[in-house]
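For reference, final_39.cif (mmCIF, C-alpha atoms and all ligand atoms):
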```cif
data_structure
loop_
_atom_site.label_atom_id
_atom_site.label_comp_id
_atom_site.auth_asym_id
_atom_site.auth_seq_id
_atom_site.Cartn_x
_atom_site.Cartn_y
_atom_site.Cartn_z
CA MET A 51 0.00 0.00 0.00
CA THR A 52 1.38 3.43 -0.95
CA ILE A 53 -0.47 6.49 0.26
CA GLY A 54 -0.50 9.22 -2.39
CA ARG A 55 1.38 12.33 -1.22
CA THR A 56 -1.32 14.70 -2.48
CA VAL A 57 -4.55 14.75 -0.51
CA TYR A 58 -7.74 16.79 -0.72
CA LEU A 59 -8.87 18.85 2.25
CA ASN A 60 -11.76 21.33 2.29
CA GLY A 61 -11.66 22.48 -1.30
CA LYS A 62 -7.91 22.22 -1.98
CA PHE A 63 -5.32 19.66 -2.97
CA CYS A 64 -2.22 19.84 -0.79
CA PRO A 65 0.76 17.73 0.33
CA VAL A 66 -0.30 15.31 3.06
CA GLU A 67 2.15 17.00 5.49
CA ASP A 68 0.22 20.27 5.15
CA ALA A 69 -3.23 18.79 5.77
CA ALA A 70 -4.37 19.88 9.24
CA ILE A 71 -7.73 19.38 10.93
CA SER A 72 -8.96 21.02 14.15
CA PRO A 73 -8.90 18.87 17.31
CA PHE A 74 -12.47 20.14 17.81
CA ASP A 75 -13.58 18.41 14.64
CA ARG A 76 -16.75 16.37 15.23
CA GLY A 77 -15.19 13.47 13.38
CA PHE A 78 -12.43 13.37 16.00
CA LEU A 79 -14.60 14.10 19.05
CA PHE A 80 -17.79 12.16 18.29
CA ALA A 81 -17.05 9.96 15.25
CA HIS A 82 -19.65 12.17 13.60
CA ALA A 83 -18.58 11.41 10.07
CA ALA A 84 -19.42 9.44 6.96
CA TYR A 85 -16.86 7.73 4.78
CA GLU A 86 -16.58 5.82 1.53
CA VAL A 87 -13.87 3.73 -0.04
CA THR A 88 -14.00 3.33 -3.81
CA ALA A 89 -11.85 0.96 -5.82
CA VAL A 90 -9.79 2.17 -8.79
CA TYR A 91 -8.88 -0.37 -11.44
CA ASP A 92 -7.01 0.44 -14.63
CA GLY A 93 -7.44 4.14 -13.81
CA ARG A 94 -11.25 3.83 -13.60
CA PHE A 95 -13.57 3.86 -10.59
CA ILE A 96 -15.62 0.78 -9.79
CA ASP A 97 -19.26 1.71 -9.04
CA LEU A 98 -18.52 5.30 -7.99
CA GLU A 99 -22.24 6.12 -8.45
CA GLY A 100 -23.15 3.42 -5.91
CA HIS A 101 -20.65 4.78 -3.39
CA LEU A 102 -21.87 8.36 -3.89
CA SER A 103 -25.47 7.29 -3.51
CA ARG A 104 -24.68 5.47 -0.24
CA LEU A 105 -22.74 8.57 0.90
CA ARG A 106 -25.86 10.69 0.28
CA ARG A 107 -27.94 8.34 2.41
CA THR A 108 -25.39 8.24 5.24
CA LEU A 109 -24.98 12.03 5.30
CA GLU A 110 -28.73 12.51 5.42
CA GLY A 111 -28.91 10.00 8.29
CA ILE A 112 -26.29 11.88 10.32
CA SER A 113 -27.62 15.41 9.65
CA ILE A 114 -24.77 16.65 7.47
CA SER A 115 -25.72 18.20 4.16
CA ASN A 116 -23.89 16.76 1.19
CA PRO A 117 -21.25 19.38 0.34
CA TYR A 118 -20.99 18.44 -3.36
CA SER A 119 -23.02 17.23 -6.31
CA ASP A 120 -22.20 13.77 -7.68
CA GLU A 121 -20.45 15.48 -10.62
CA ALA A 122 -18.26 17.54 -8.30
CA TRP A 123 -17.42 14.46 -6.22
CA ALA A 124 -16.49 12.55 -9.35
CA GLU A 125 -14.22 15.39 -10.48
CA ILE A 126 -12.43 15.49 -7.11
CA HIS A 127 -11.95 11.71 -7.25
CA THR A 128 -10.56 11.87 -10.77
CA ASP A 129 -8.23 14.79 -10.01
CA LEU A 130 -6.97 13.00 -6.91
CA ILE A 131 -6.00 9.80 -8.73
CA ASP A 132 -4.47 11.83 -11.56
CA LYS A 133 -2.35 13.88 -9.15
CA ASN A 134 -1.17 10.73 -7.40
CA GLY A 135 -0.79 8.57 -10.52
CA VAL A 136 -3.10 5.87 -9.12
CA GLU A 137 -3.97 3.18 -11.65
CA GLU A 138 -5.02 0.48 -9.18
CA GLY A 139 -5.99 1.06 -5.56
CA LEU A 140 -8.52 2.89 -3.44
CA VAL A 141 -9.83 6.37 -2.81
CA TYR A 142 -10.89 7.09 0.77
CA LEU A 143 -13.25 9.97 1.43
CA GLU A 144 -14.54 11.30 4.73
CA VAL A 145 -17.08 14.02 5.51
CA THR A 146 -17.34 15.10 9.13
CA GLY A 147 -19.61 17.46 11.04
CA GLY A 148 -16.72 19.96 11.04
CA ALA A 149 -15.29 22.11 13.83
CA TYR A 150 -16.53 25.29 15.53
CA GLY A 151 -14.04 25.78 18.35
CA MET A 152 -15.81 23.86 21.10
CA ARG A 153 -17.00 20.45 22.20
CA ASP A 154 -20.78 20.44 22.20
CA PHE A 155 -22.76 17.25 21.69
CA ALA A 156 -25.70 18.56 19.66
CA GLY A 157 -23.64 21.12 17.76
CA PRO A 158 -24.91 23.96 15.58
CA GLU A 159 -28.16 23.78 13.61
CA THR A 160 -26.21 23.39 10.38
CA PHE A 161 -22.83 21.78 10.05
CA THR A 162 -20.04 23.11 7.86
CA PRO A 163 -18.37 19.83 7.02
CA THR A 164 -14.73 18.88 6.89
CA VAL A 165 -14.03 17.01 3.66
CA PHE A 166 -10.93 14.85 3.32
CA LEU A 167 -9.83 12.44 0.59
CA TYR A 168 -6.68 10.47 -0.04
CA ALA A 169 -5.68 7.88 -2.62
CA ASP A 170 -3.85 4.66 -2.01
CA THR A 171 -2.05 2.54 -4.62
CA ARG A 172 -2.38 -1.21 -3.97
CA PRO A 173 -3.15 -4.38 -5.88
CA LEU A 174 -6.84 -5.21 -5.69
CA ILE A 175 -6.51 -8.70 -7.12
CA GLY A 176 -3.72 -10.07 -4.98
CA GLU A 177 -2.65 -12.94 -2.75
CA ALA A 178 -5.75 -12.83 -0.51
CA ALA A 179 -7.97 -13.26 -3.55
CA ARG A 180 -5.82 -16.10 -4.84
CA ASP A 181 -5.10 -18.01 -1.63
CA GLY A 182 -7.95 -16.99 0.66
CA ILE A 183 -8.15 -15.47 4.13
CA LYS A 184 -8.71 -16.83 7.63
CA ALA A 185 -11.62 -15.69 9.79
CA ILE A 186 -12.71 -16.06 13.38
CA THR A 187 -16.20 -15.57 14.83
CA LEU A 188 -16.65 -12.73 17.29
CA GLY A 189 -19.55 -10.95 19.02
CA ASP A 190 -20.81 -7.94 17.07
CA THR A 191 -20.53 -5.01 19.47
CA ARG A 192 -21.31 -2.23 16.99
CA TRP A 193 -24.02 0.41 17.19
CA LYS A 194 -27.43 -0.34 15.67
CA ARG A 195 -27.24 1.72 12.46
CA ARG A 196 -24.71 -0.30 10.54
CA ASP A 197 -26.50 0.49 7.28
CA MET A 198 -24.87 3.93 7.43
CA LYS A 199 -21.18 4.01 6.56
CA THR A 200 -19.88 6.08 9.46
CA VAL A 201 -16.44 6.17 11.05
CA GLN A 202 -17.73 4.50 14.26
CA LEU A 203 -15.22 1.75 13.64
CA LEU A 204 -13.85 0.98 17.09
CA SER A 205 -15.57 -2.43 17.28
CA GLN A 206 -14.17 -3.34 13.90
CA ALA A 207 -10.68 -2.07 14.75
CA LEU A 208 -10.74 -4.24 17.88
CA ALA A 209 -12.14 -7.18 15.89
CA TYR A 210 -9.17 -6.97 13.52
CA ARG A 211 -6.78 -6.91 16.48
CA THR A 212 -8.44 -9.98 18.01
CA ALA A 213 -8.34 -11.75 14.65
CA ARG A 214 -4.65 -10.98 14.28
CA GLU A 215 -3.92 -12.33 17.77
CA ALA A 216 -5.71 -15.54 16.73
CA GLY A 217 -3.58 -15.80 13.58
CA ALA A 218 -6.53 -14.84 11.36
CA ASP A 219 -7.25 -12.02 8.92
CA THR A 220 -10.81 -11.00 9.74
CA ALA A 221 -13.86 -11.81 11.84
CA PHE A 222 -17.38 -12.94 11.08
CA MET A 223 -19.36 -10.93 13.61
CA VAL A 224 -22.23 -12.59 15.41
CA GLU A 225 -25.33 -11.09 17.00
CA ASP A 226 -28.28 -13.01 18.46
CA GLY A 227 -26.83 -16.26 17.14
CA LEU A 228 -26.57 -15.02 13.55
CA VAL A 229 -23.66 -13.71 11.48
CA THR A 230 -24.17 -10.05 10.64
CA GLU A 231 -21.20 -9.49 8.33
CA ALA A 232 -17.41 -9.57 8.33
CA ALA A 233 -15.34 -6.89 10.10
CA SER A 234 -15.21 -4.66 7.02
CA ALA A 235 -16.93 -6.71 4.35
CA ASN A 236 -20.17 -8.55 3.67
CA ALA A 237 -20.19 -12.27 4.44
CA TRP A 238 -21.35 -15.06 2.12
CA ILE A 239 -21.52 -18.85 2.32
CA VAL A 240 -22.28 -21.63 -0.14
CA ASP A 241 -24.31 -24.52 1.28
CA ALA A 242 -24.14 -28.22 0.38
CA GLU A 243 -26.82 -27.69 -2.30
CA GLY A 244 -24.68 -25.03 -3.96
CA ARG A 245 -26.94 -22.18 -2.83
CA LEU A 246 -25.31 -18.82 -2.26
CA ILE A 247 -26.41 -17.30 1.04
CA THR A 248 -25.88 -13.75 2.25
CA ARG A 249 -27.74 -11.75 4.86
CA GLU A 250 -30.65 -9.59 3.65
CA LEU A 251 -30.26 -5.80 3.90
CA SER A 252 -31.45 -4.14 7.11
CA HIS A 253 -30.06 -1.76 9.74
CA SER A 254 -27.84 -4.66 10.92
CA ILE A 255 -25.38 -4.61 8.01
CA LEU A 256 -23.80 -2.22 5.57
CA PRO A 257 -25.38 -2.39 2.10
CA GLY A 258 -22.10 -3.23 0.38
CA ILE A 259 -21.59 -1.79 -3.09
CA THR A 260 -19.53 -4.86 -3.98
CA ARG A 261 -22.34 -7.07 -2.61
CA ALA A 262 -24.78 -5.27 -4.93
CA GLY A 263 -22.33 -5.67 -7.81
CA VAL A 264 -22.08 -9.42 -7.23
CA LEU A 265 -25.87 -9.77 -6.99
CA SER A 266 -26.28 -7.98 -10.32
CA LEU A 267 -24.04 -10.57 -12.00
CA LEU A 268 -25.90 -13.69 -10.88
CA ASP A 269 -28.73 -13.59 -13.42
CA GLY A 270 -28.36 -16.36 -15.94
CA THR A 271 -25.56 -18.11 -14.06
CA GLY A 272 -27.81 -20.79 -12.57
CA ILE A 273 -26.44 -19.93 -9.11
CA GLU A 274 -29.34 -19.85 -6.65
CA LEU A 275 -29.26 -16.92 -4.24
CA VAL A 276 -30.88 -16.88 -0.81
CA GLU A 277 -30.83 -13.58 1.08
CA ARG A 278 -31.12 -14.55 4.73
CA ALA A 279 -29.06 -14.51 7.88
CA PHE A 280 -27.02 -17.62 8.65
CA THR A 281 -25.59 -18.97 11.89
CA PRO A 282 -21.88 -19.35 12.70
CA GLU A 283 -22.51 -23.11 12.74
CA GLU A 284 -23.82 -22.96 9.18
CA ALA A 285 -20.75 -20.96 8.21
CA ALA A 286 -18.47 -23.53 9.86
CA GLY A 287 -20.26 -26.35 7.98
CA ALA A 288 -20.47 -24.47 4.67
CA VAL A 289 -18.90 -25.81 1.51
CA GLU A 290 -17.42 -22.39 0.75
CA ALA A 291 -17.36 -18.93 2.27
CA PHE A 292 -16.16 -15.57 1.06
CA THR A 293 -16.39 -11.86 1.76
CA THR A 294 -17.04 -8.88 -0.49
CA SER A 295 -15.75 -5.33 -0.16
CA ALA A 296 -14.35 -2.59 -2.36
CA GLY A 297 -10.87 -3.13 -0.93
CA ALA A 298 -10.57 -6.91 -1.15
CA MET A 299 -13.33 -7.43 -3.74
CA VAL A 300 -14.18 -11.16 -3.50
CA ALA A 301 -12.00 -12.83 -0.84
CA PRO A 302 -12.31 -16.59 -0.25
CA VAL A 303 -12.54 -17.51 3.45
CA ILE A 304 -10.62 -20.75 3.88
CA THR A 305 -10.75 -21.23 7.64
CA LEU A 306 -13.17 -20.23 10.38
CA ASP A 307 -12.04 -20.38 14.01
CA GLY A 308 -9.00 -22.39 12.91
CA LYS A 309 -10.98 -25.10 11.07
CA PRO A 310 -11.11 -25.45 7.29
CA VAL A 311 -14.23 -24.21 5.53
CA GLY A 312 -15.11 -26.95 3.02
CA SER A 313 -11.88 -28.17 1.46
CA GLY A 314 -9.89 -25.39 3.15
CA LYS A 315 -9.16 -23.93 -0.29
CA PRO A 316 -11.02 -21.33 -2.37
CA GLY A 317 -13.94 -23.23 -3.90
CA PRO A 318 -15.46 -23.31 -7.40
CA VAL A 319 -18.45 -21.04 -6.68
CA THR A 320 -16.16 -18.41 -5.12
CA ARG A 321 -13.82 -18.67 -8.12
CA ARG A 322 -16.76 -18.24 -10.47
CA ILE A 323 -17.96 -15.14 -8.60
CA GLN A 324 -14.42 -13.73 -8.65
CA ARG A 325 -14.21 -14.30 -12.38
CA LEU A 326 -17.62 -12.69 -13.03
CA TYR A 327 -16.70 -9.71 -10.88
CA TYR A 328 -13.22 -9.23 -12.38
CA GLU A 329 -14.59 -9.52 -15.90
CA ALA A 330 -17.31 -6.97 -15.13
CA MET A 331 -14.65 -4.50 -13.97
CA GLY A 332 -12.74 -4.98 -17.20
CA ALA A 333 -9.82 -7.02 -15.86
CA ASP A 334 -7.86 -9.36 -18.12
CA VAL A 335 -8.60 -12.37 -15.92
CA ALA A 336 -6.22 -14.75 -17.71
CA ALA A 337 -3.38 -12.33 -17.03
CA VAL A 338 -4.13 -11.08 -13.52
CA ALA A 339 -6.14 -13.91 -11.96
CA PRO A 340 -5.55 -17.13 -13.95
CA TRP A 341 -6.53 -19.11 -10.83
CA ALA A 342 -10.07 -17.71 -11.15
CA LEU A 343 -10.53 -19.39 -14.52
CA GLY A 344 -10.82 -22.77 -12.77
N1 LIG B 1 -19.59 -4.25 5.69
C1 LIG B 1 -18.80 -3.45 6.42
C2 LIG B 1 -18.95 -3.40 7.89
C3 LIG B 1 -17.81 -2.67 5.79
O1 LIG B 1 -17.02 -1.87 6.52
C4 LIG B 1 -17.65 -2.77 4.38
C5 LIG B 1 -16.63 -1.99 3.68
O2 LIG B 1 -15.86 -1.29 4.28
C6 LIG B 1 -18.52 -3.62 3.66
C7 LIG B 1 -19.48 -4.34 4.35
C8 LIG B 1 -18.41 -3.76 2.17
O3 LIG B 1 -18.91 -2.62 1.53
P1 LIG B 1 -18.38 -2.20 0.09
O4 LIG B 1 -18.59 -3.39 -0.80
O5 LIG B 1 -19.24 -1.06 -0.29
O6 LIG B 1 -16.93 -1.86 0.23
#
```

The structure given in the file should be rewritten as structure tokens.
Ligand code: PLP
Amino acid sequence: MTIGRTVYLNGKFCPVEDAAISPFDRGFLFAHAAYEVTAVYDGRFIDLEGHLSRLRRTLEGISISNPYSDEAWAEIHTDLIDKNGVEEGLVYLEVTGGAYGMRDFAGPETFTPTVFLYADTRPLIGEAARDGIKAITLGDTRWKRRDMKTVQLLSQALAYRTAREAGADTAFMVEDGLVTEAASANAWIVDAEGRLITRELSHSILPGITRAGVLSLLDGTGIELVERAFTPEEAAGAVEAFTTSAGAMVAPVITLDGKPVGSGKPGPVTRRIQRLYYEAMGADVAAVAPWALG
């Protein structure tokens, strides 16, 4: 991962060293902020419209007015990757409730947001996609509005630390005996009948843009989709499991709590979904992900 040296802060591009934000910023004090992470592949954005539409919904839900039109957002994104020479990687954007020189829970009637973006060069189709990742199960201790993409990420940060201590890469988070989603990705399993199962949308999970992208590719594939919550036991007994997110795209989960999922290797349905997704984003699959061709 290489963080681009030019970032965007409140209307201007500047060197990252010069980007300064007030300690009274509501993002810092109250995690009062929305964020988005959009993938860049071959110099193009993957589903930027989907990310901007989710940003609109989150901002509305946290009482911050959207500072830019979709066109203006797209221009900032494009300028940022151009300035940093990003061909493959991610753009992170954050909009906070801003700062007004004091710490006050409710804050002013109208917020003047802080807007920050940076770009990050990294391979999106890499070793994790090829070899798979390891997951643990962990209680989901997040707030109740997980459908909004806010920076209230302490539970997830701690989940990643616990996973790392257990020699794993991520966590399947569990609430009321059911998996909600992975620590920063949506969770999917394939059952013995070959059905693809992922939790239905609600306040309990983030409506992943990659999840929506995968769903849009299933028509005509013969893969049966069931949108419902599944238990950690079902995940442990699944034939395959994987996660979806803008950063890791489609990542096979090969172990859960130290035990192999299915064969303990990325399975054929996961490989097929990877291939469909990579093709849809214009990747030369034979060159960059020959293992997905099965
Ligand atoms: N679920 C959570 C909790 C996430 O943090 C993320 C991404 O960060 C996702 C799901 C996947 O969303 P997307 O596909 O839009 O990246």

All residues 8 Å or closer to segment 164-169 of chain A, all atoms listed in the file, same chain fewer than 6 positions away omitted, as an MDAnalysis selection string: chainID A and resid 53:54 56:61 75 130:131 134 136 139:149

Go through A:Met299, A:Ala342, A:Val289, A:Ala178 and flag the residue nearest ligand LIG 1 (chain B), using all atoms listed in the file for the distances. A:Met299

With distances taken over all atoms listed in the file, the candidate from A:Ala179, A:Ala218, A:Leu246, A:Leu98 nearest ligand LIG 1 (chain B) is A:Leu98

The residues within 7 Å of (-24.1, -22.6, 3.4), using all atoms listed in the file and the coordinates of the file, should be reported as JSON, numbers by chain; which are they? {"A": [239, 240, 241, 242, 245, 246, 247, 284, 285, 288, 289]}

For Ser205 of chain A, find every residue with an atom within 8 Å (counting all atoms listed in the file), except residues of its own chain fewer than 6 positions away, and show them as a ChimeraX atom specification. /A:190-192

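Taking only C-alpha atoms into account, Arg104 of chain A lies nearest to A:Thr200 out of the set A:Thr52, A:Thr200, A:Thr230, A:Thr128.
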
Enumerate residues in contact with ligand LIG 1 (chain B): an atom-to-atom distance of at most 9 Å, counting all atoms listed in the file. Format the result as a ChimeraX atom specification. /A:86-89,100-101,104,196-197,199-200,203,206,230-237,255-263,293-299

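Rounded to one decimal, atom CA of Glu125 of chain A and atom CA of Asp170 of chain A lie 17.2 Å from each other.
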
So which residues are close to (-25.5, -9.9, -8.7), meaning at most 12 Å away in the file's coordinates with only C-alpha atoms counted, and can you show them as a ChimeraX atom specification? /A:246,248,258-277,294,323-324,326-327,330

Incomplete segment 78-97 of chain A filled out to N, CA, C and O atoms as a PDB file, in the frame of the given file:
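Contents of rebuild_27.pdb, as written:
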```
ATOM      1  N   PHE A  78     -13.379  13.756  14.959  1.00  0.00           N
ATOM      2  CA  PHE A  78     -12.430  13.370  16.000  1.00  0.00           C
ATOM      3  C   PHE A  78     -13.124  13.198  17.346  1.00  0.00           C
ATOM      4  O   PHE A  78     -12.907  12.220  18.069  1.00  0.00           O
ATOM      5  N   LEU A  79     -13.993  14.127  17.710  1.00  0.00           N
ATOM      6  CA  LEU A  79     -14.600  14.100  19.050  1.00  0.00           C
ATOM      7  C   LEU A  79     -15.733  13.089  19.193  1.00  0.00           C
ATOM      8  O   LEU A  79     -15.876  12.460  20.231  1.00  0.00           O
ATOM      9  N   PHE A  80     -16.563  12.959  18.139  1.00  0.00           N
ATOM     10  CA  PHE A  80     -17.790  12.160  18.290  1.00  0.00           C
ATOM     11  C   PHE A  80     -17.928  11.061  17.233  1.00  0.00           C
ATOM     12  O   PHE A  80     -18.989  10.435  17.169  1.00  0.00           O
ATOM     13  N   ALA A  81     -16.911  10.860  16.400  1.00  0.00           N
ATOM     14  CA  ALA A  81     -17.050   9.960  15.250  1.00  0.00           C
ATOM     15  C   ALA A  81     -18.271  10.364  14.419  1.00  0.00           C
ATOM     16  O   ALA A  81     -18.975   9.521  13.874  1.00  0.00           O
ATOM     17  N   HIS A  82     -18.516  11.669  14.372  1.00  0.00           N
ATOM     18  CA  HIS A  82     -19.650  12.170  13.600  1.00  0.00           C
ATOM     19  C   HIS A  82     -19.181  12.396  12.160  1.00  0.00           C
ATOM     20  O   HIS A  82     -18.849  13.515  11.757  1.00  0.00           O
ATOM     21  N   ALA A  83     -19.129  11.317  11.417  1.00  0.00           N
ATOM     22  CA  ALA A  83     -18.580  11.410  10.070  1.00  0.00           C
ATOM     23  C   ALA A  83     -18.993  10.217   9.229  1.00  0.00           C
ATOM     24  O   ALA A  83     -19.155   9.110   9.737  1.00  0.00           O
ATOM     25  N   ALA A  84     -19.149  10.488   7.941  1.00  0.00           N
ATOM     26  CA  ALA A  84     -19.420   9.440   6.960  1.00  0.00           C
ATOM     27  C   ALA A  84     -18.151   9.177   6.179  1.00  0.00           C
ATOM     28  O   ALA A  84     -17.294  10.059   6.061  1.00  0.00           O
ATOM     29  N   TYR A  85     -18.005   7.967   5.656  1.00  0.00           N
ATOM     30  CA  TYR A  85     -16.860   7.730   4.780  1.00  0.00           C
ATOM     31  C   TYR A  85     -17.253   6.785   3.660  1.00  0.00           C
ATOM     32  O   TYR A  85     -18.304   6.132   3.705  1.00  0.00           O
ATOM     33  N   GLU A  86     -16.422   6.747   2.647  1.00  0.00           N
ATOM     34  CA  GLU A  86     -16.580   5.820   1.530  1.00  0.00           C
ATOM     35  C   GLU A  86     -15.202   5.395   1.067  1.00  0.00           C
ATOM     36  O   GLU A  86     -14.232   6.135   1.235  1.00  0.00           O
ATOM     37  N   VAL A  87     -15.128   4.223   0.527  1.00  0.00           N
ATOM     38  CA  VAL A  87     -13.870   3.730  -0.040  1.00  0.00           C
ATOM     39  C   VAL A  87     -14.222   3.158  -1.411  1.00  0.00           C
ATOM     40  O   VAL A  87     -15.008   2.224  -1.515  1.00  0.00           O
ATOM     41  N   THR A  88     -13.660   3.747  -2.446  1.00  0.00           N
ATOM     42  CA  THR A  88     -14.000   3.330  -3.810  1.00  0.00           C
ATOM     43  C   THR A  88     -12.765   2.751  -4.496  1.00  0.00           C
ATOM     44  O   THR A  88     -11.675   3.332  -4.422  1.00  0.00           O
ATOM     45  N   ALA A  89     -12.968   1.608  -5.137  1.00  0.00           N
ATOM     46  CA  ALA A  89     -11.850   0.960  -5.820  1.00  0.00           C
ATOM     47  C   ALA A  89     -11.548   1.651  -7.150  1.00  0.00           C
ATOM     48  O   ALA A  89     -12.442   2.163  -7.823  1.00  0.00           O
ATOM     49  N   VAL A  90     -10.246   1.642  -7.491  1.00  0.00           N
ATOM     50  CA  VAL A  90      -9.790   2.170  -8.790  1.00  0.00           C
ATOM     51  C   VAL A  90      -9.098   1.007  -9.490  1.00  0.00           C
ATOM     52  O   VAL A  90      -8.196   0.378  -8.912  1.00  0.00           O
ATOM     53  N   TYR A  91      -9.541   0.706 -10.690  1.00  0.00           N
ATOM     54  CA  TYR A  91      -8.880  -0.370 -11.440  1.00  0.00           C
ATOM     55  C   TYR A  91      -8.620   0.120 -12.847  1.00  0.00           C
ATOM     56  O   TYR A  91      -9.531   0.645 -13.491  1.00  0.00           O
ATOM     57  N   ASP A  92      -7.374  -0.005 -13.296  1.00  0.00           N
ATOM     58  CA  ASP A  92      -7.010   0.440 -14.630  1.00  0.00           C
ATOM     59  C   ASP A  92      -7.364   1.922 -14.817  1.00  0.00           C
ATOM     60  O   ASP A  92      -7.847   2.321 -15.880  1.00  0.00           O
ATOM     61  N   GLY A  93      -7.183   2.698 -13.745  1.00  0.00           N
ATOM     62  CA  GLY A  93      -7.440   4.140 -13.810  1.00  0.00           C
ATOM     63  C   GLY A  93      -8.913   4.520 -13.818  1.00  0.00           C
ATOM     64  O   GLY A  93      -9.245   5.692 -14.025  1.00  0.00           O
ATOM     65  N   ARG A  94      -9.802   3.537 -13.608  1.00  0.00           N
ATOM     66  CA  ARG A  94     -11.250   3.830 -13.600  1.00  0.00           C
ATOM     67  C   ARG A  94     -11.842   3.464 -12.242  1.00  0.00           C
ATOM     68  O   ARG A  94     -11.379   2.552 -11.576  1.00  0.00           O
ATOM     69  N   PHE A  95     -12.916   4.161 -11.871  1.00  0.00           N
ATOM     70  CA  PHE A  95     -13.570   3.860 -10.590  1.00  0.00           C
ATOM     71  C   PHE A  95     -14.582   2.733 -10.760  1.00  0.00           C
ATOM     72  O   PHE A  95     -15.277   2.664 -11.773  1.00  0.00           O
ATOM     73  N   ILE A  96     -14.643   1.864  -9.764  1.00  0.00           N
ATOM     74  CA  ILE A  96     -15.620   0.780  -9.790  1.00  0.00           C
ATOM     75  C   ILE A  96     -16.850   1.241  -8.996  1.00  0.00           C
ATOM     76  O   ILE A  96     -16.750   1.474  -7.793  1.00  0.00           O
ATOM     77  N   ASP A  97     -17.986   1.378  -9.696  1.00  0.00           N
ATOM     78  CA  ASP A  97     -19.260   1.710  -9.040  1.00  0.00           C
ATOM     79  C   ASP A  97     -19.224   2.994  -8.215  1.00  0.00           C
ATOM     80  O   ASP A  97     -19.795   3.043  -7.110  1.00  0.00           O
TER      81      ASP A  97
END
```
